[in-house]
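Report on the structure given below.
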Amino acid sequence: MKTRSHDNILSDLLSSRDWLLADGATGTELFKMGLKPGTAPELWNTDQPDNIASLYQNAIDAGCDIFLTNSFGGTSARLKLCDAADRVFELNHAAARIARQVADAAGRPVVVAGAIGPTGDILQPIGRLSYDDAFGMFLEQAQGLKSGGVDLVWIETMSSFEEYTAAAEAAVQAGLPWVGTMSFDSAGRTMMGITPSQLAHKVEGMAHPPLAYGANCGVGAAEMVRSVLDFAAQGLDRPIIAKASAGLPREVDGQLRYLLTPAMMAEYACLARDAGARIIGGCCGTTPAHLKAMKDALETRPRGPRPTLEQVVAALGSLSSEEEDET
């Protein structure tokens, strides 16, 4: 594989565009293709490569500028649950290789982002996982992703800043730029107590800060826009990422469904943009139809002033908690 420059494609796109569209769900889309609950999605990188290529292609066809590889759970800590801890490099390489082929055939610049999610273990001193062990797991994953041709590492759904940092240092050690998001719950904090404003300042103090940072998943689109408002209120210049789930899942006719419509996700996308996000996408439950509606709205609706929380609630529904509390 020819050597690629890893330091400019996302930065170049951000310098020439007001906003970029990131992709949507991975897991829920693969379940539609037949992935069985309890099966690691990463196994499909080698077992069902055509389906993984379709997942990526669907994001490109919906108009995405960035899509994530099918490698969220690609650490040995997660893969050991399906007896594949010895396949970390192989499965991450395969996820990235398929992605690179799809992106290179797109006919336009598309960023291949190597997805890295949490290990599922809690770091010391609260949990048992050491920082060095977490770093080693993430480095093995990042090296596999790099070998397959990703443009950058995309760290997501983190709740611990220590784990976020371990993944970031692994990306840097592997020679890749990175972006990183954390997941903020209904209390306006991550599970480990980090707030959006704290994250904004913490990334500025990192030795190798991200190209962009922000939030993903969480408990709803309204909360996501609130997080973006909190990031933007810090007055920092680093590009902000927003990737909200399509609402919380509800059981409908015996199946879990995400209830935010494409029109609602389009509303969220524009509010996130107006709140200050530069990279906007979806998370759980976000389909290509949602992404197409989001892209159309971002392209056709003029940018508005920064929304108030009251305007966000009026458009997207009530918040699950009060405003971010730093106490």
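Ordering of the structure tokens sets the chain letters (A, B, ...); residue numbers start at 1 within each chain; ligands are numbered from 1 in the order shown.
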DSSP helix (DSSP H, G or I) residues within region 81-241 of chain A, listed as number ranges by chain: A: 81-82, 85-104, 131-148, 161-173, 196-204, 221-233
For Thr119 (chain A): contacts at 7 Å, only C-alpha atoms, fewer than 3 positions along chain excluded, given as a list of chain:residue names: A:Thr75, A:Ala77, A:Arg78
Could you write those residues out with N, CA, C and O atoms, as a PDB file, in the first residue's frame?
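out-v3.pdb, freshly written:
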```pdb
ATOM      1  N   THR A  75     -10.420  -3.628  20.760  1.00  0.00           N
ATOM      2  CA  THR A  75      -9.317  -3.899  21.686  1.00  0.00           C
ATOM      3  C   THR A  75      -9.352  -5.361  22.123  1.00  0.00           C
ATOM      4  O   THR A  75     -10.391  -6.025  22.042  1.00  0.00           O
ATOM      5  N   ALA A  77      -9.361  -6.332  25.092  1.00  0.00           N
ATOM      6  CA  ALA A  77     -10.269  -6.438  26.239  1.00  0.00           C
ATOM      7  C   ALA A  77     -11.677  -6.801  25.804  1.00  0.00           C
ATOM      8  O   ALA A  77     -12.371  -7.563  26.489  1.00  0.00           O
ATOM      9  N   ARG A  78     -12.113  -6.279  24.683  1.00  0.00           N
ATOM     10  CA  ARG A  78     -13.462  -6.577  24.191  1.00  0.00           C
ATOM     11  C   ARG A  78     -13.481  -7.839  23.335  1.00  0.00           C
ATOM     12  O   ARG A  78     -14.404  -8.637  23.412  1.00  0.00           O
TER      13      ARG A  78
END
```
Produce a table with one row for each residue of region 92-144 of chain A that has an atom at most 10 Å from any atom of region 19-35 of chain A, each row naming the nearest atom pair and its distance in Å at one decimal; use only C-alpha atoms; arrange rows by chain and rising residue number; format as a Markdown table.
```
| residue | atom | partner | partner_atom | distance |
| --- | --- | --- | --- | --- |
| A:Val110 | CA | A:Ala22 | CA | 9.8 |
| A:Val111 | CA | A:Ala22 | CA | 9.0 |
| A:Ala113 | CA | A:Ala22 | CA | 9.7 |
```
May I have the residues from that selection written out with C-alpha atoms, as a PDB file, in the first residue's frame?
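Saved the output as part_38.pdb:
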```
ATOM      1  CA  VAL A 110     -13.693  11.345   2.330  1.00  0.00           C
ATOM      2  CA  VAL A 111     -12.001  10.935   5.695  1.00  0.00           C
ATOM      3  CA  ALA A 113     -11.591   7.562  10.724  1.00  0.00           C
TER       4      ALA A 113
END
```
Nearby residues (only C-alpha atoms) at most 7 Å from region 53-64 of chain A, same-chain spacing under 4 positions excluded, as a PyMOL selection string: chain A and resi 21-23+49+98-99+102+288+291-292+295
Residues as selected, N, CA, C and O atoms, written as an mmCIF file, in the first residue's frame, can you do that?
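Saved the output as again_35.cif:
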```
data_model
loop_
_atom_site.group_PDB
_atom_site.id
_atom_site.type_symbol
_atom_site.label_atom_id
_atom_site.label_comp_id
_atom_site.auth_asym_id
_atom_site.auth_seq_id
_atom_site.Cartn_x
_atom_site.Cartn_y
_atom_site.Cartn_z
ATOM 1 N N LEU A 21 -20.047 16.600 7.466
ATOM 2 C CA LEU A 21 -21.008 15.592 7.896
ATOM 3 C C LEU A 21 -20.287 14.290 8.201
ATOM 4 O O LEU A 21 -19.617 13.721 7.335
ATOM 5 N N ALA A 22 -20.403 13.836 9.446
ATOM 6 C CA ALA A 22 -19.882 12.535 9.840
ATOM 7 C C ALA A 22 -20.982 11.493 9.714
ATOM 8 O O ALA A 22 -22.154 11.818 9.512
ATOM 9 N N ASP A 23 -20.624 10.237 9.878
ATOM 10 C CA ASP A 23 -21.575 9.156 9.621
ATOM 11 C C ASP A 23 -22.520 8.935 10.793
ATOM 12 O O ASP A 23 -22.565 9.732 11.740
ATOM 13 N N PRO A 49 -17.146 -9.238 4.726
ATOM 14 C CA PRO A 49 -16.556 -7.984 4.267
ATOM 15 C C PRO A 49 -17.456 -7.189 3.321
ATOM 16 O O PRO A 49 -17.404 -5.951 3.300
ATOM 17 N N ILE A 98 -10.869 -2.227 4.129
ATOM 18 C CA ILE A 98 -12.132 -2.122 3.392
ATOM 19 C C ILE A 98 -12.545 -0.655 3.282
ATOM 20 O O ILE A 98 -12.979 -0.183 2.212
ATOM 21 N N ALA A 99 -12.401 0.076 4.376
ATOM 22 C CA ALA A 99 -12.780 1.489 4.386
ATOM 23 C C ALA A 99 -11.950 2.299 3.392
ATOM 24 O O ALA A 99 -12.476 3.153 2.671
ATOM 25 N N VAL A 102 -13.170 1.722 -0.148
ATOM 26 C CA VAL A 102 -14.443 2.391 -0.416
ATOM 27 C C VAL A 102 -14.240 3.892 -0.544
ATOM 28 O O VAL A 102 -14.771 4.541 -1.455
ATOM 29 N N PRO A 288 -28.955 5.980 7.129
ATOM 30 C CA PRO A 288 -28.664 6.812 5.967
ATOM 31 C C PRO A 288 -29.770 7.816 5.659
ATOM 32 O O PRO A 288 -29.479 8.927 5.199
ATOM 33 N N LEU A 291 -29.149 10.717 7.812
ATOM 34 C CA LEU A 291 -27.983 11.460 7.352
ATOM 35 C C LEU A 291 -28.296 12.303 6.123
ATOM 36 O O LEU A 291 -27.849 13.450 6.021
ATOM 37 N N LYS A 292 -29.070 11.752 5.200
ATOM 38 C CA LYS A 292 -29.438 12.518 4.010
ATOM 39 C C LYS A 292 -30.257 13.741 4.386
ATOM 40 O O LYS A 292 -30.068 14.835 3.833
ATOM 41 N N LYS A 295 -27.910 16.327 5.923
ATOM 42 C CA LYS A 295 -27.092 17.003 4.911
ATOM 43 C C LYS A 295 -27.917 18.028 4.135
ATOM 44 O O LYS A 295 -27.477 19.164 3.914
#
```
Gap from CA of Leu199 (chain A) to CA of Thr261 (chain A) - Å, one decimal: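 Atom-to-atom, CA of Leu199 (chain A) to CA of Thr261 (chain A), that is 29.9 Å.
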Who sits within 8 Å of Pro196 (chain A), only C-alpha atoms, same chain under 4 positions skipped, as a PyMOL selection string: chain A and resi 184+188-189+200+214+227-228+230-231
Only N, CA, C and O atoms, please: the residues just picked out, written as a PDB file, in the first residue's frame.
```
ATOM      1  N   PHE A 184     -21.791  12.113  27.312  1.00  0.00           N
ATOM      2  CA  PHE A 184     -22.344  12.800  28.477  1.00  0.00           C
ATOM      3  C   PHE A 184     -23.773  12.324  28.705  1.00  0.00           C
ATOM      4  O   PHE A 184     -24.582  12.301  27.779  1.00  0.00           O
ATOM      5  N   GLY A 188     -25.526  15.642  32.519  1.00  0.00           N
ATOM      6  CA  GLY A 188     -24.605  16.578  31.894  1.00  0.00           C
ATOM      7  C   GLY A 188     -23.147  16.244  32.139  1.00  0.00           C
ATOM      8  O   GLY A 188     -22.265  17.078  31.944  1.00  0.00           O
ATOM      9  N   ARG A 189     -22.877  15.009  32.577  1.00  0.00           N
ATOM     10  CA  ARG A 189     -21.528  14.555  32.853  1.00  0.00           C
ATOM     11  C   ARG A 189     -21.336  13.171  32.245  1.00  0.00           C
ATOM     12  O   ARG A 189     -22.295  12.468  31.972  1.00  0.00           O
ATOM     13  N   ALA A 200     -13.298  20.515  27.424  1.00  0.00           N
ATOM     14  CA  ALA A 200     -12.778  21.553  26.528  1.00  0.00           C
ATOM     15  C   ALA A 200     -11.428  22.072  27.009  1.00  0.00           C
ATOM     16  O   ALA A 200     -10.492  22.261  26.210  1.00  0.00           O
ATOM     17  N   GLY A 214     -15.276  16.600  21.137  1.00  0.00           N
ATOM     18  CA  GLY A 214     -16.685  16.861  21.344  1.00  0.00           C
ATOM     19  C   GLY A 214     -17.393  15.736  22.047  1.00  0.00           C
ATOM     20  O   GLY A 214     -16.837  15.106  22.951  1.00  0.00           O
ATOM     21  N   SER A 227     -24.481  20.224  25.136  1.00  0.00           N
ATOM     22  CA  SER A 227     -23.045  19.988  25.280  1.00  0.00           C
ATOM     23  C   SER A 227     -22.250  20.872  24.333  1.00  0.00           C
ATOM     24  O   SER A 227     -21.216  21.437  24.709  1.00  0.00           O
ATOM     25  N   VAL A 228     -22.717  20.999  23.092  1.00  0.00           N
ATOM     26  CA  VAL A 228     -22.033  21.863  22.125  1.00  0.00           C
ATOM     27  C   VAL A 228     -22.032  23.311  22.612  1.00  0.00           C
ATOM     28  O   VAL A 228     -21.013  24.017  22.512  1.00  0.00           O
ATOM     29  N   ASP A 230     -22.062  24.270  25.657  1.00  0.00           N
ATOM     30  CA  ASP A 230     -21.096  24.333  26.755  1.00  0.00           C
ATOM     31  C   ASP A 230     -19.663  24.376  26.221  1.00  0.00           C
ATOM     32  O   ASP A 230     -18.826  25.129  26.722  1.00  0.00           O
ATOM     33  N   PHE A 231     -19.372  23.554  25.221  1.00  0.00           N
ATOM     34  CA  PHE A 231     -18.046  23.604  24.601  1.00  0.00           C
ATOM     35  C   PHE A 231     -17.770  24.999  24.047  1.00  0.00           C
ATOM     36  O   PHE A 231     -16.722  25.597  24.300  1.00  0.00           O
TER      37      PHE A 231
END
```
Secondary structure check, strand (DSSP E or B) residues of region 86-310 of chain A, as a ChimeraX atom specification: /A:111-116,123,129,152-158,178-182,213-217,240-244,249-252,255-258,279-282
May I have a table of the residues of region 161-186 of chain A lying at most 8 Å from region 134-157 of chain A, giving each one's closest pair of atoms and their distance in Å to one decimal, counting only C-alpha atoms, ordered by chain and ascending residue number, as a tab-separated table?
```
residue	atom	partner	partner_atom	distance
A:Glu163	CA	A:Ala134	CA	7.1
A:Tyr164	CA	A:Ile155	CA	7.3
A:Ala166	CA	A:Phe135	CA	4.8
A:Ala167	CA	A:Phe138	CA	5.4
A:Ala168	CA	A:Ile155	CA	7.5
A:Glu169	CA	A:Phe135	CA	7.2
A:Ala170	CA	A:Leu139	CA	4.5
A:Ala171	CA	A:Ala142	CA	5.8
A:Gln173	CA	A:Leu139	CA	7.3
A:Ala174	CA	A:Gln143	CA	5.7
A:Leu176	CA	A:Leu152	CA	5.5
A:Pro177	CA	A:Leu152	CA	5.1
A:Trp178	CA	A:Val153	CA	4.6
A:Val179	CA	A:Trp154	CA	5.1
A:Gly180	CA	A:Ile155	CA	4.4
A:Thr181	CA	A:Glu156	CA	4.6
A:Met182	CA	A:Thr157	CA	4.8
A:Ser183	CA	A:Thr157	CA	4.8
```
Generate a file of the selected residues that holds N, CA and C atoms, formatted as a short mmCIF file (atom, residue, chain, number, x, y, z; two decimals), in the first residue's frame.
```cif
data_model
loop_
_atom_site.label_atom_id
_atom_site.label_comp_id
_atom_site.auth_asym_id
_atom_site.auth_seq_id
_atom_site.Cartn_x
_atom_site.Cartn_y
_atom_site.Cartn_z
N GLU A 163 -8.69 7.25 30.32
CA GLU A 163 -8.77 6.31 29.21
C GLU A 163 -8.74 7.04 27.87
N TYR A 164 -9.39 8.18 27.82
CA TYR A 164 -9.34 9.06 26.64
C TYR A 164 -7.89 9.39 26.32
N ALA A 166 -5.14 7.74 27.30
CA ALA A 166 -4.40 6.54 26.92
C ALA A 166 -4.61 6.23 25.43
N ALA A 167 -5.85 6.34 24.96
CA ALA A 167 -6.13 6.10 23.55
C ALA A 167 -5.47 7.15 22.67
N ALA A 168 -5.49 8.39 23.12
CA ALA A 168 -4.87 9.47 22.35
C ALA A 168 -3.36 9.27 22.25
N GLU A 169 -2.73 8.90 23.35
CA GLU A 169 -1.29 8.68 23.32
C GLU A 169 -0.94 7.50 22.42
N ALA A 170 -1.82 6.50 22.37
CA ALA A 170 -1.59 5.37 21.49
C ALA A 170 -1.66 5.80 20.02
N ALA A 171 -2.62 6.66 19.70
CA ALA A 171 -2.73 7.16 18.33
C ALA A 171 -1.46 7.91 17.94
N GLN A 173 1.53 7.62 19.28
CA GLN A 173 2.64 6.67 19.20
C GLN A 173 2.61 5.90 17.88
N ALA A 174 1.40 5.64 17.39
CA ALA A 174 1.26 4.93 16.11
C ALA A 174 1.51 5.84 14.91
N LEU A 176 -0.41 8.67 14.10
CA LEU A 176 -1.66 9.14 13.51
C LEU A 176 -2.20 10.35 14.27
N PRO A 177 -2.80 11.30 13.55
CA PRO A 177 -3.56 12.34 14.23
C PRO A 177 -4.84 11.74 14.80
N TRP A 178 -5.51 12.49 15.67
CA TRP A 178 -6.69 11.91 16.31
C TRP A 178 -7.72 12.98 16.62
N VAL A 179 -8.95 12.52 16.78
CA VAL A 179 -10.03 13.31 17.34
C VAL A 179 -10.64 12.47 18.46
N GLY A 180 -11.37 13.11 19.37
CA GLY A 180 -11.90 12.34 20.48
C GLY A 180 -13.18 12.92 21.05
N THR A 181 -14.14 12.05 21.31
CA THR A 181 -15.40 12.47 21.91
C THR A 181 -15.67 11.67 23.17
N MET A 182 -16.41 12.28 24.08
CA MET A 182 -16.86 11.61 25.29
C MET A 182 -18.38 11.56 25.26
N SER A 183 -18.95 10.69 26.06
CA SER A 183 -20.41 10.53 26.11
C SER A 183 -20.92 11.10 27.43
#
```
Atomic separation - CA of Pro210 (chain A) relative to CA of Gly281 (chain A), Å: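 Between these atoms lies a distance of 17.8 Å.
Omitting Leu260 (chain A) and its sequence neighbours fewer than 4 positions away, and counting only C-alpha atoms, the residues within 8 Å are Ala246, Gly247, Met264 and Met265 of chain A.
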Go ahead and write the residues just picked, C-alpha atoms, as a PDB file, in the first residue's frame.
```
ATOM      1  CA  ALA A 246     -31.485   9.274  17.177  1.00  0.00           C
ATOM      2  CA  GLY A 247     -33.192   9.493  20.557  1.00  0.00           C
ATOM      3  CA  MET A 264     -35.967  15.793  13.809  1.00  0.00           C
ATOM      4  CA  MET A 265     -32.358  14.813  13.216  1.00  0.00           C
TER       5      MET A 265
END
```
Selection near Leu91 (chain A), 7 Å with only C-alpha atoms, sequence-local residues under 5 positions removed, as a PyMOL selection string: chain A and resi 42-43+45-46
Straight-line distance linking CA of Val112 (chain A) with CA of Asp65 (chain A), stated in Å to one decimal: 8.9 Å
